[in-house]
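Here is the file model.cif (mmCIF, C-alpha atoms).
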data_coords
loop_
_atom_site.label_atom_id
_atom_site.label_comp_id
_atom_site.auth_asym_id
_atom_site.auth_seq_id
_atom_site.Cartn_x
_atom_site.Cartn_y
_atom_site.Cartn_z
CA MET H 15 22.94 17.08 -1.06
CA ASN H 16 21.47 20.39 -2.12
CA ASN H 17 20.46 18.70 -5.35
CA PHE H 18 18.58 16.12 -3.36
CA SER H 19 16.62 18.59 -1.25
CA VAL H 20 15.43 20.52 -4.32
CA LEU H 21 14.35 17.32 -6.05
CA PHE H 22 12.69 16.10 -2.88
CA GLN H 23 10.69 19.33 -2.64
CA LYS H 24 9.57 18.77 -6.23
CA GLU H 25 8.43 15.23 -5.36
CA TRP H 26 6.63 16.47 -2.29
CA ARG H 27 4.79 19.16 -4.19
CA GLU H 28 3.76 16.72 -6.91
CA ASN H 29 2.35 14.26 -4.40
CA VAL H 30 0.46 17.00 -2.57
CA ARG H 31 -1.05 18.22 -5.84
CA ASN H 32 -2.24 14.82 -7.03
CA PHE H 33 -3.65 14.09 -3.53
CA LYS H 34 -1.54 10.94 -3.09
CA ILE H 35 -0.42 12.29 0.27
CA LEU H 36 -4.05 12.20 1.36
CA TRP H 37 -5.69 9.21 -0.26
CA ILE H 38 -3.03 6.54 0.26
CA PRO H 39 -2.95 6.95 4.08
CA LEU H 40 -6.76 7.06 4.11
CA VAL H 41 -7.02 3.79 2.18
CA PHE H 42 -4.68 1.97 4.53
CA LEU H 43 -6.37 3.49 7.56
CA LEU H 44 -9.75 2.31 6.27
CA PHE H 45 -8.57 -1.25 5.69
CA GLY H 46 -6.88 -1.25 9.10
CA ILE H 47 -10.18 -0.36 10.78
CA THR H 48 -12.43 -2.58 8.66
CA GLU H 49 -10.73 -5.86 9.51
CA PRO H 50 -11.26 -5.93 13.31
CA LEU H 51 -14.73 -4.37 12.99
CA THR H 52 -16.07 -6.91 10.49
CA ASN H 53 -14.54 -9.81 12.37
CA TYR H 54 -16.01 -8.66 15.66
CA TYR H 55 -19.49 -7.89 14.34
CA LEU H 56 -19.70 -10.83 11.93
CA PRO H 57 -22.55 -12.56 13.86
CA GLN H 58 -24.63 -9.34 13.92
CA ILE H 59 -23.88 -8.60 10.26
CA LEU H 60 -24.99 -12.11 9.27
CA ASN H 61 -28.11 -11.73 11.38
CA ALA H 62 -28.99 -8.42 9.74
CA VAL H 63 -28.37 -9.31 6.09
CA GLY H 64 -27.78 -13.04 5.93
CA ASN H 65 -31.40 -14.22 5.66
CA MET H 66 -30.74 -17.02 8.14
CA PRO H 67 -33.53 -19.39 9.11
CA GLU H 68 -34.75 -18.93 12.69
CA GLY H 69 -32.55 -20.56 15.28
CA THR H 70 -29.41 -21.09 13.18
CA VAL H 71 -26.35 -21.26 15.38
CA PHE H 72 -22.86 -20.77 14.01
CA PRO H 73 -19.83 -21.76 16.03
CA PHE H 74 -17.86 -18.57 15.40
CA PRO H 75 -14.18 -19.03 16.04
CA GLU H 76 -12.60 -17.04 18.84
CA PHE H 77 -9.91 -14.87 17.28
CA THR H 78 -6.76 -13.98 19.14
CA PRO H 79 -5.60 -10.33 18.75
CA GLU H 80 -2.54 -11.55 16.81
CA GLN H 81 -4.76 -13.28 14.27
CA ILE H 82 -6.68 -10.06 13.66
CA VAL H 83 -3.46 -8.11 13.06
CA MET H 84 -2.28 -10.82 10.66
CA ALA H 85 -5.64 -10.79 8.84
CA THR H 86 -5.14 -7.06 8.30
CA VAL H 87 -1.64 -7.69 6.99
CA SER H 88 -2.92 -10.26 4.52
CA GLN H 89 -5.43 -7.64 3.37
CA TYR H 90 -2.53 -5.19 2.90
CA GLN H 91 -0.56 -7.89 1.12
CA PHE H 92 -3.19 -8.07 -1.58
CA ILE H 93 -5.12 -4.80 -1.94
CA GLY H 94 -2.40 -2.66 -0.38
CA MET H 95 0.32 -4.01 -2.66
CA LEU H 96 -2.03 -3.58 -5.64
CA VAL H 97 -2.51 0.08 -4.71
CA ILE H 98 1.23 0.62 -4.21
CA THR H 99 2.40 -1.08 -7.41
CA LEU H 100 -0.27 0.41 -9.68
CA GLY H 101 -0.22 3.82 -8.02
CA PHE H 102 3.54 4.24 -8.27
CA ALA H 103 4.36 2.29 -11.44
CA GLY H 104 4.76 5.52 -13.38
CA ILE H 105 6.91 7.30 -10.84
CA ILE H 106 9.92 7.58 -13.17
CA SER H 107 8.62 6.33 -16.52
CA ARG H 108 5.74 8.83 -16.57
CA GLU H 109 8.20 11.71 -16.31
CA ARG H 110 9.98 10.41 -19.39
CA LYS H 111 6.71 10.18 -21.25
CA ASN H 112 5.21 13.58 -20.50
CA GLY H 113 8.46 15.45 -21.07
CA ASN H 114 9.02 16.36 -17.44
CA ALA H 115 12.28 14.43 -17.52
CA THR H 116 13.60 16.62 -20.34
CA PHE H 117 13.48 19.59 -18.00
CA LEU H 118 15.40 17.63 -15.42
CA TYR H 119 17.96 15.93 -17.63
CA VAL H 120 19.20 19.14 -19.28
CA ARG H 121 20.30 20.34 -15.86
CA PRO H 122 23.44 19.05 -14.18
CA ILE H 123 21.68 16.85 -11.63
CA SER H 124 23.06 13.56 -10.43
CA TYR H 125 20.91 10.55 -11.23
CA ALA H 126 21.58 9.13 -7.82
CA SER H 127 19.95 12.06 -6.03
CA TYR H 128 17.09 11.97 -8.56
CA VAL H 129 16.37 8.33 -7.74
CA TYR H 130 16.93 8.85 -4.00
CA SER H 131 14.42 11.71 -3.94
CA LYS H 132 11.83 9.38 -5.53
CA PHE H 133 12.76 6.55 -3.18
CA SER H 134 12.50 8.62 -0.02
CA MET H 135 9.18 10.15 -1.05
CA MET H 136 7.75 6.70 -1.77
CA CYS H 137 9.11 5.37 1.52
CA ILE H 138 7.53 8.19 3.50
CA LEU H 139 4.17 7.68 1.79
CA VAL H 140 4.04 3.88 1.80
CA ILE H 141 5.64 3.12 5.15
CA GLY H 142 3.96 6.10 6.82
CA SER H 143 0.50 5.04 5.64
CA ILE H 144 1.00 1.42 6.60
CA ILE H 145 2.26 2.34 10.08
CA LEU H 146 -0.74 4.65 10.45
CA GLY H 147 -3.10 1.90 9.32
CA LEU H 148 -1.53 -0.72 11.58
CA LEU H 149 -1.64 1.61 14.60
CA ALA H 150 -5.35 2.26 14.01
CA ASN H 151 -5.77 -1.49 13.60
CA LEU H 152 -3.88 -2.10 16.85
CA TYR H 153 -6.16 0.33 18.67
CA TYR H 154 -9.31 -1.34 17.38
CA THR H 155 -7.93 -4.81 18.10
CA ASN H 156 -7.11 -3.65 21.60
CA VAL H 157 -10.65 -2.38 22.19
CA LEU H 158 -12.49 -5.32 20.61
CA PHE H 159 -10.26 -8.37 21.08
CA GLY H 160 -7.64 -7.71 23.71
CA SER H 161 -4.09 -6.44 23.90
CA VAL H 162 -1.16 -7.38 21.68
CA ASP H 163 2.30 -7.62 23.20
CA ILE H 164 3.94 -4.28 22.32
CA GLY H 165 7.47 -5.67 22.09
CA ALA H 166 6.35 -8.36 19.64
CA PHE H 167 4.37 -5.78 17.68
CA ILE H 168 7.43 -3.53 17.27
CA GLY H 169 9.48 -6.51 16.08
CA PHE H 170 6.72 -7.40 13.65
CA LEU H 171 6.54 -3.81 12.38
CA GLY H 172 10.31 -3.67 11.84
CA THR H 173 10.24 -6.91 9.84
CA TYR H 174 7.27 -5.78 7.79
CA ILE H 175 8.99 -2.45 7.00
CA VAL H 176 11.88 -4.41 5.44
CA TRP H 177 9.35 -6.09 3.14
CA LEU H 178 7.83 -2.70 2.28
CA LEU H 179 11.28 -1.32 1.43
CA PHE H 180 11.70 -4.29 -0.90
CA VAL H 181 8.36 -3.57 -2.60
CA VAL H 182 9.21 0.13 -2.97
CA SER H 183 12.59 -0.62 -4.55
CA VAL H 184 11.06 -3.21 -6.91
CA VAL H 185 8.51 -0.66 -8.13
CA LEU H 186 11.17 2.05 -8.44
CA PHE H 187 13.50 -0.24 -10.38
CA SER H 188 10.89 -1.44 -12.86
CA SER H 189 9.67 2.12 -13.37
CA ALA H 190 13.22 3.25 -14.13
CA ALA H 191 13.86 0.36 -16.49
CA PHE H 192 10.60 0.05 -18.45
CA SER H 193 7.62 2.07 -19.67
CA THR H 194 4.67 2.57 -17.31
CA ALA H 195 2.57 -0.31 -18.65
CA ILE H 196 5.41 -2.84 -18.57
CA ALA H 197 6.59 -1.51 -15.22
CA SER H 198 3.20 -2.15 -13.61
CA VAL H 199 3.11 -5.71 -14.98
CA VAL H 200 6.69 -6.45 -13.90
CA SER H 201 6.26 -5.04 -10.40
CA LEU H 202 2.89 -6.80 -9.99
CA ALA H 203 4.53 -10.07 -11.01
CA LEU H 204 7.48 -9.56 -8.70
CA VAL H 205 5.36 -8.53 -5.71
CA LEU H 206 2.09 -10.46 -6.00
CA PHE H 207 2.72 -13.38 -8.35
CA PHE H 208 6.03 -14.43 -6.81
CA GLN H 209 4.40 -14.28 -3.40
CA PHE H 210 1.73 -16.64 -4.67
CA ILE H 211 4.36 -19.03 -6.05
CA ASP H 212 6.28 -18.83 -2.81
CA ALA H 213 3.14 -19.76 -0.91
CA LEU H 214 2.56 -22.75 -3.23
CA LEU H 215 6.05 -24.18 -3.54
CA GLY H 216 7.72 -22.39 -0.65
CA ALA H 217 8.01 -25.51 1.48
CA TYR H 218 11.21 -26.42 -0.36
CA TRP H 219 13.18 -23.37 0.75
CA THR H 220 13.18 -21.16 3.81
CA ILE H 221 15.15 -18.13 2.68
CA SER H 222 13.40 -15.72 0.34
CA PRO H 223 12.26 -12.08 0.39
CA TRP H 224 8.66 -13.17 -0.22
CA LYS H 225 8.66 -15.04 3.08
CA ILE H 226 9.34 -11.87 5.07
CA PRO H 227 5.63 -11.04 5.72
CA MET H 228 5.13 -14.60 6.95
CA TYR H 229 8.14 -14.31 9.25
CA ALA H 230 6.74 -10.99 10.49
CA GLY H 231 3.65 -12.91 11.57
CA TYR H 232 5.83 -15.45 13.37
CA VAL H 233 7.63 -12.60 15.16
CA LEU H 234 4.26 -11.29 16.29
CA SER H 235 3.19 -14.64 17.72
CA GLY H 236 6.68 -15.11 19.18
CA SER H 237 7.64 -18.35 17.44
CA VAL H 238 10.23 -17.36 14.87
CA ASP H 239 13.08 -19.59 13.74
CA LYS H 240 16.11 -17.29 13.99
CA THR H 241 18.46 -18.61 11.26
CA PRO H 242 16.27 -18.52 8.10
CA PHE H 243 14.68 -15.33 9.37
CA THR H 244 18.02 -13.52 9.68
CA TRP H 245 19.23 -14.80 6.31
CA SER H 246 16.04 -13.73 4.60
CA LEU H 247 16.46 -10.26 6.07
CA VAL H 248 20.10 -10.07 4.92
CA ILE H 249 19.26 -11.24 1.40
CA THR H 250 16.33 -8.85 1.14
CA LEU H 251 18.44 -5.89 2.27
CA LEU H 252 21.10 -6.81 -0.29
CA LEU H 253 18.44 -7.04 -3.01
CA ILE H 254 17.10 -3.62 -1.99
CA VAL H 255 20.55 -2.05 -2.41
CA LEU H 256 21.02 -3.82 -5.76
CA LEU H 257 17.61 -2.72 -7.03
CA ILE H 258 18.28 0.92 -6.10
CA PHE H 259 21.66 0.90 -7.86
CA GLY H 260 19.93 -0.73 -10.83
CA ALA H 261 17.31 2.02 -10.79
CA VAL H 262 20.03 4.70 -10.88
CA TYR H 263 21.77 2.88 -13.74
CA PHE H 264 18.60 2.51 -15.81
CA ALA H 265 17.46 6.08 -15.13
CA LYS H 266 20.76 7.16 -16.68
CA ARG H 267 20.57 4.70 -19.58
CA ASN H 268 17.02 5.54 -20.56
CA ILE H 269 17.72 9.22 -21.20
CA SER H 270 17.28 8.59 -24.90
CA LYS H 271 13.71 7.40 -24.34
CA THR H 272 12.49 10.79 -23.07
CA LYS H 273 9.94 12.54 -25.18
CA ILE H 274 10.89 16.07 -26.10
CA MET M 22 -31.68 -3.41 15.33
CA ASP M 23 -32.34 0.02 16.79
CA LEU M 24 -30.04 3.00 16.55
CA GLU M 25 -29.23 3.02 20.27
CA SER M 26 -27.51 -0.35 20.21
CA ILE M 27 -25.04 0.52 17.44
CA PRO M 28 -21.61 1.33 18.92
CA TRP M 29 -21.24 4.71 17.20
CA MET M 30 -17.91 5.43 18.88
CA LEU M 31 -16.40 2.54 16.93
CA ILE M 32 -18.27 2.88 13.64
CA LEU M 33 -18.08 6.67 13.32
CA PRO M 34 -14.34 6.95 12.47
CA PHE M 35 -14.88 4.41 9.70
CA ILE M 36 -17.75 6.38 8.18
CA ILE M 37 -15.91 9.70 8.53
CA ILE M 38 -12.74 8.41 6.83
CA GLN M 39 -14.79 6.93 4.03
CA LEU M 40 -16.61 10.24 3.51
CA ILE M 41 -13.30 12.14 3.49
CA LEU M 42 -11.92 9.74 0.88
CA MET M 43 -15.02 10.23 -1.26
CA LEU M 44 -14.82 14.01 -0.85
CA VAL M 45 -11.14 14.09 -1.81
CA ALA M 46 -11.89 12.06 -4.94
CA ILE M 47 -14.79 14.36 -5.90
CA ILE M 48 -12.71 17.52 -5.32
CA ASP M 49 -9.94 16.01 -7.44
CA LEU M 50 -12.43 15.08 -10.15
CA THR M 51 -13.70 18.65 -10.41
CA ARG M 52 -10.14 20.02 -10.56
CA VAL M 53 -8.51 17.82 -13.21
CA SER M 54 -9.01 18.86 -16.80
CA SER M 55 -9.73 15.41 -18.22
CA THR M 56 -10.06 11.81 -17.07
CA ASN M 57 -9.90 8.44 -18.78
CA GLY M 58 -13.54 8.24 -19.84
CA PRO M 59 -16.42 10.61 -19.14
CA LYS M 60 -16.32 12.57 -15.90
CA TRP M 61 -19.94 11.93 -14.87
CA LEU M 62 -19.29 8.19 -14.98
CA TRP M 63 -16.38 8.58 -12.58
CA ALA M 64 -18.56 10.69 -10.28
CA LEU M 65 -21.02 7.80 -10.18
CA VAL M 66 -18.24 5.28 -9.53
CA ILE M 67 -16.86 7.38 -6.66
CA ILE M 68 -20.23 7.90 -4.99
CA LEU M 69 -21.73 4.45 -5.50
CA GLY M 70 -18.66 2.22 -5.15
CA ASN M 71 -18.37 3.10 -1.50
CA LEU M 72 -14.87 1.90 -0.55
CA ILE M 73 -13.39 0.69 -3.81
CA GLY M 74 -14.81 3.52 -5.96
CA PRO M 75 -12.42 6.33 -4.95
CA ILE M 76 -9.44 3.91 -5.04
CA ILE M 77 -10.27 2.80 -8.59
CA TYR M 78 -10.74 6.42 -9.61
CA PHE M 79 -7.34 7.46 -8.26
CA ILE M 80 -5.52 4.54 -9.86
CA VAL M 81 -7.32 4.15 -13.19
CA GLY M 82 -9.41 7.22 -13.87
CA ARG M 83 -6.91 9.93 -13.13
CA ARG M 84 -4.71 10.95 -16.02
CA ASN M 85 -1.41 11.87 -14.45
CA GLU M 86 -0.01 14.41 -16.87
#
Serialized structure, structure tokens:
Amino acid sequence: MNNFSVLFQKEWRENVRNFKILWIPLVFLLFGITEPLTNYYLPQILNAVGNMPEGTVFPFPEFTPEQIVMATVSQYQFIGMLVITLGFAGIISRERKNGNATFLYVRPISYASYVYSKFSMMCILVIGSIILGLLANLYYTNVLFGSVDIGAFIGFLGTYIVWLLFVVSVVLFSSAAFSTAIASVVSLALVLFFQFIDALLGAYWTISPWKIPMYAGYVLSGSVDKTPFTWSLVITLLLIVLLIFGAVYFAKRNISKTKI
Amino acid sequence: MDLESIPWMLILPFIIIQLILMLVAIIDLTRVSSTNGPKWLWALVIILGNLIGPIIYFIVGRRNE
């Protein structure tokens, strides 16, 4: 355990020095605020810049607060996941490349606590920033559109955090197994491309990790089908555990790839 | 549209966060020894690409070594 706390302090210091601890929360906060603002002021924005002929009337749809929160989540699902996968793709592989890992591997550390320190740092950063962003988003939605049911929101947040844990472990696993470039491609494929496929062909199955964000939306609007939802959660949690064990295994196996 | 009618209480946090993000990117740019590509170009990207600029800089431009 002592091993872990030392390694965790190292992770923390690294992320403070490269400003990740500052810019990732700010990005998610910004996207959380932008979505309700642009949706609310869309008529004025179009009036100001849209070059509309005099007297044009648009039937703007009335958004429910839940729809605004889900629009923000779909923003996070694309740009947010892009930031997470590309920003963290080198989390283990970069250390092998720049020789940092050599300093670590000559000491008697356990690979498990090495991977756990990375995992917990990523979780704090990613989940913390997204919760921050969604709370800001909730506040703005509350002011501009009306209140969201707090119980449903907490259920939605819990479900979405499971998805984020899945993304974090996918990125960690691919970074442990491959070099930075391949790791970013693999994690992008697993997070974004599979989600796209699931959206296209997903009507044929109901249980998959990539459906979790969708189910989170159903939880928010209070119309979730319990059985596939629970099974998706169980399968995703199992996959998370598997991916973390895989990351520990590959971190150990790839010792020979470190640059000295 | 005159300045009075803009709801500053709602817009101001957005502008402030964006400025902080830009400032953080600029401070980081002056502190790192080298970037992928010329530094002045990244300074332009950060300042002109208002929301996306700093994000692209942090992901692509920064050499994490």
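Going from atom CA of Glu28 of chain H to atom CA of Leu43 of chain H covers 22.1 Å.
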Exercise for review: Check which residues satisfy the PyMOL selection byres ((chain M) within 7 of (chain H)) in the file shown, then give them as a list in words.
Suggested key: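 Evaluating the PyMOL selection byres ((chain M) within 7 of (chain H)) on these coordinates yields Phe35, Ile38, Leu42, Ile80 and Glu86 of chain M.
When all atoms listed in the file are used to compute distances to Ala46 of chain M, the closest of the residues M:Leu69, M:Met30, M:Ala64, M:Val81 turns out to be M:Ala64.
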Within 9 Å of (12.6, 11.4, -3.1) (file coordinates; all atoms listed in the file), which protein or nucleic acid residues are there? I'd like them as a CSV table (one decimal) with C-alpha atoms, in the frame of the given file.
chain,number,residue,atom,x,y,z
H,18,PHE,CA,18.6,16.1,-3.4
H,19,SER,CA,16.6,18.6,-1.2
H,21,LEU,CA,14.4,17.3,-6.0
H,22,PHE,CA,12.7,16.1,-2.9
H,23,GLN,CA,10.7,19.3,-2.6
H,24,LYS,CA,9.6,18.8,-6.2
H,25,GLU,CA,8.4,15.2,-5.4
H,26,TRP,CA,6.6,16.5,-2.3
H,127,SER,CA,20.0,12.1,-6.0
H,128,TYR,CA,17.1,12.0,-8.6
H,129,VAL,CA,16.4,8.3,-7.7
H,130,TYR,CA,16.9,8.8,-4.0
H,131,SER,CA,14.4,11.7,-3.9
H,132,LYS,CA,11.8,9.4,-5.5
H,133,PHE,CA,12.8,6.6,-3.2
H,134,SER,CA,12.5,8.6,0.0
H,135,MET,CA,9.2,10.2,-1.0
H,136,MET,CA,7.8,6.7,-1.8
H,137,CYS,CA,9.1,5.4,1.5
H,138,ILE,CA,7.5,8.2,3.5
Exercise for review: For Thr99 of chain H, work out the shell of residues within 9 Å, counting only C-alpha atoms and skipping chain neighbours fewer than 3 positions away, then give it as a PyMOL selection string.
Suggested key: chain H and resi 94-96+102-103+181-182+184-185+197-199+201-202+205
Could you take the residues named above and write them with C-alpha atoms, as a PDB file, in the coordinates of the input?
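Writing the result to selection.pdb gives the following:
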ATOM      1  CA  GLY H  94      -2.400  -2.660  -0.380  1.00  0.00           C
ATOM      2  CA  MET H  95       0.320  -4.010  -2.660  1.00  0.00           C
ATOM      3  CA  LEU H  96      -2.030  -3.580  -5.640  1.00  0.00           C
ATOM      4  CA  PHE H 102       3.540   4.240  -8.270  1.00  0.00           C
ATOM      5  CA  ALA H 103       4.360   2.290 -11.440  1.00  0.00           C
ATOM      6  CA  VAL H 181       8.360  -3.570  -2.600  1.00  0.00           C
ATOM      7  CA  VAL H 182       9.210   0.130  -2.970  1.00  0.00           C
ATOM      8  CA  VAL H 184      11.060  -3.210  -6.910  1.00  0.00           C
ATOM      9  CA  VAL H 185       8.510  -0.660  -8.130  1.00  0.00           C
ATOM     10  CA  ALA H 197       6.590  -1.510 -15.220  1.00  0.00           C
ATOM     11  CA  SER H 198       3.200  -2.150 -13.610  1.00  0.00           C
ATOM     12  CA  VAL H 199       3.110  -5.710 -14.980  1.00  0.00           C
ATOM     13  CA  SER H 201       6.260  -5.040 -10.400  1.00  0.00           C
ATOM     14  CA  LEU H 202       2.890  -6.800  -9.990  1.00  0.00           C
ATOM     15  CA  VAL H 205       5.360  -8.530  -5.710  1.00  0.00           C
TER      16      VAL H 205
END
Kindly complete segment 252-272 of chain H to N, CA and C atoms; the output should be written as a JSON list (two decimals), keeping the file's coordinate frame.
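Heads up, here's the output in result.json:
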[["chain", "number", "residue", "atom", "x", "y", "z"],
["H", 252, "LEU", "N", 20.16, -6.84, 0.83],
["H", 252, "LEU", "CA", 21.10, -6.81, -0.29],
["H", 252, "LEU", "C", 20.36, -6.54, -1.60],
["H", 253, "LEU", "N", 19.23, -7.23, -1.79],
["H", 253, "LEU", "CA", 18.44, -7.04, -3.01],
["H", 253, "LEU", "C", 17.96, -5.60, -3.12],
["H", 254, "ILE", "N", 17.57, -5.00, -1.97],
["H", 254, "ILE", "CA", 17.10, -3.62, -1.99],
["H", 254, "ILE", "C", 18.20, -2.70, -2.51],
["H", 255, "VAL", "N", 19.43, -2.88, -1.97],
["H", 255, "VAL", "CA", 20.55, -2.05, -2.41],
["H", 255, "VAL", "C", 20.81, -2.24, -3.90],
["H", 256, "LEU", "N", 20.79, -3.52, -4.34],
["H", 256, "LEU", "CA", 21.02, -3.82, -5.76],
["H", 256, "LEU", "C", 19.97, -3.16, -6.64],
["H", 257, "LEU", "N", 18.70, -3.27, -6.23],
["H", 257, "LEU", "CA", 17.61, -2.72, -7.03],
["H", 257, "LEU", "C", 17.74, -1.20, -7.14],
["H", 258, "ILE", "N", 18.17, -0.54, -6.04],
["H", 258, "ILE", "CA", 18.28, 0.92, -6.10],
["H", 258, "ILE", "C", 19.42, 1.33, -7.02],
["H", 259, "PHE", "N", 20.56, 0.60, -6.94],
["H", 259, "PHE", "CA", 21.66, 0.90, -7.86],
["H", 259, "PHE", "C", 21.22, 0.64, -9.30],
["H", 260, "GLY", "N", 20.46, -0.44, -9.50],
["H", 260, "GLY", "CA", 19.93, -0.73, -10.83],
["H", 260, "GLY", "C", 19.03, 0.38, -11.32],
["H", 261, "ALA", "N", 18.21, 0.94, -10.41],
["H", 261, "ALA", "CA", 17.31, 2.02, -10.79],
["H", 261, "ALA", "C", 18.10, 3.24, -11.23],
["H", 262, "VAL", "N", 19.19, 3.56, -10.50],
["H", 262, "VAL", "CA", 20.03, 4.70, -10.88],
["H", 262, "VAL", "C", 20.63, 4.46, -12.25],
["H", 263, "TYR", "N", 21.14, 3.22, -12.47],
["H", 263, "TYR", "CA", 21.77, 2.88, -13.74],
["H", 263, "TYR", "C", 20.78, 3.03, -14.90],
["H", 264, "PHE", "N", 19.56, 2.48, -14.71],
["H", 264, "PHE", "CA", 18.60, 2.51, -15.81],
["H", 264, "PHE", "C", 18.04, 3.91, -16.03],
["H", 265, "ALA", "N", 17.92, 4.70, -14.96],
["H", 265, "ALA", "CA", 17.46, 6.08, -15.13],
["H", 265, "ALA", "C", 18.44, 6.81, -16.02],
["H", 266, "LYS", "N", 19.73, 6.51, -15.87],
["H", 266, "LYS", "CA", 20.76, 7.16, -16.68],
["H", 266, "LYS", "C", 20.70, 6.62, -18.12],
["H", 267, "ARG", "N", 20.51, 5.30, -18.25],
["H", 267, "ARG", "CA", 20.57, 4.70, -19.58],
["H", 267, "ARG", "C", 19.37, 5.05, -20.43],
["H", 268, "ASN", "N", 18.24, 5.30, -19.79],
["H", 268, "ASN", "CA", 17.02, 5.54, -20.56],
["H", 268, "ASN", "C", 16.81, 7.00, -20.92],
["H", 269, "ILE", "N", 17.87, 7.80, -20.84],
["H", 269, "ILE", "CA", 17.72, 9.22, -21.20],
["H", 269, "ILE", "C", 17.17, 9.35, -22.61],
["H", 270, "SER", "N", 17.65, 8.47, -23.50],
["H", 270, "SER", "CA", 17.28, 8.59, -24.90],
["H", 270, "SER", "C", 15.79, 8.34, -25.12],
["H", 271, "LYS", "N", 15.13, 7.71, -24.14],
["H", 271, "LYS", "CA", 13.71, 7.40, -24.34],
["H", 271, "LYS", "C", 12.79, 8.57, -23.97],
["H", 272, "THR", "N", 13.36, 9.67, -23.46],
["H", 272, "THR", "CA", 12.49, 10.79, -23.07],
["H", 272, "THR", "C", 11.89, 11.42, -24.30]]
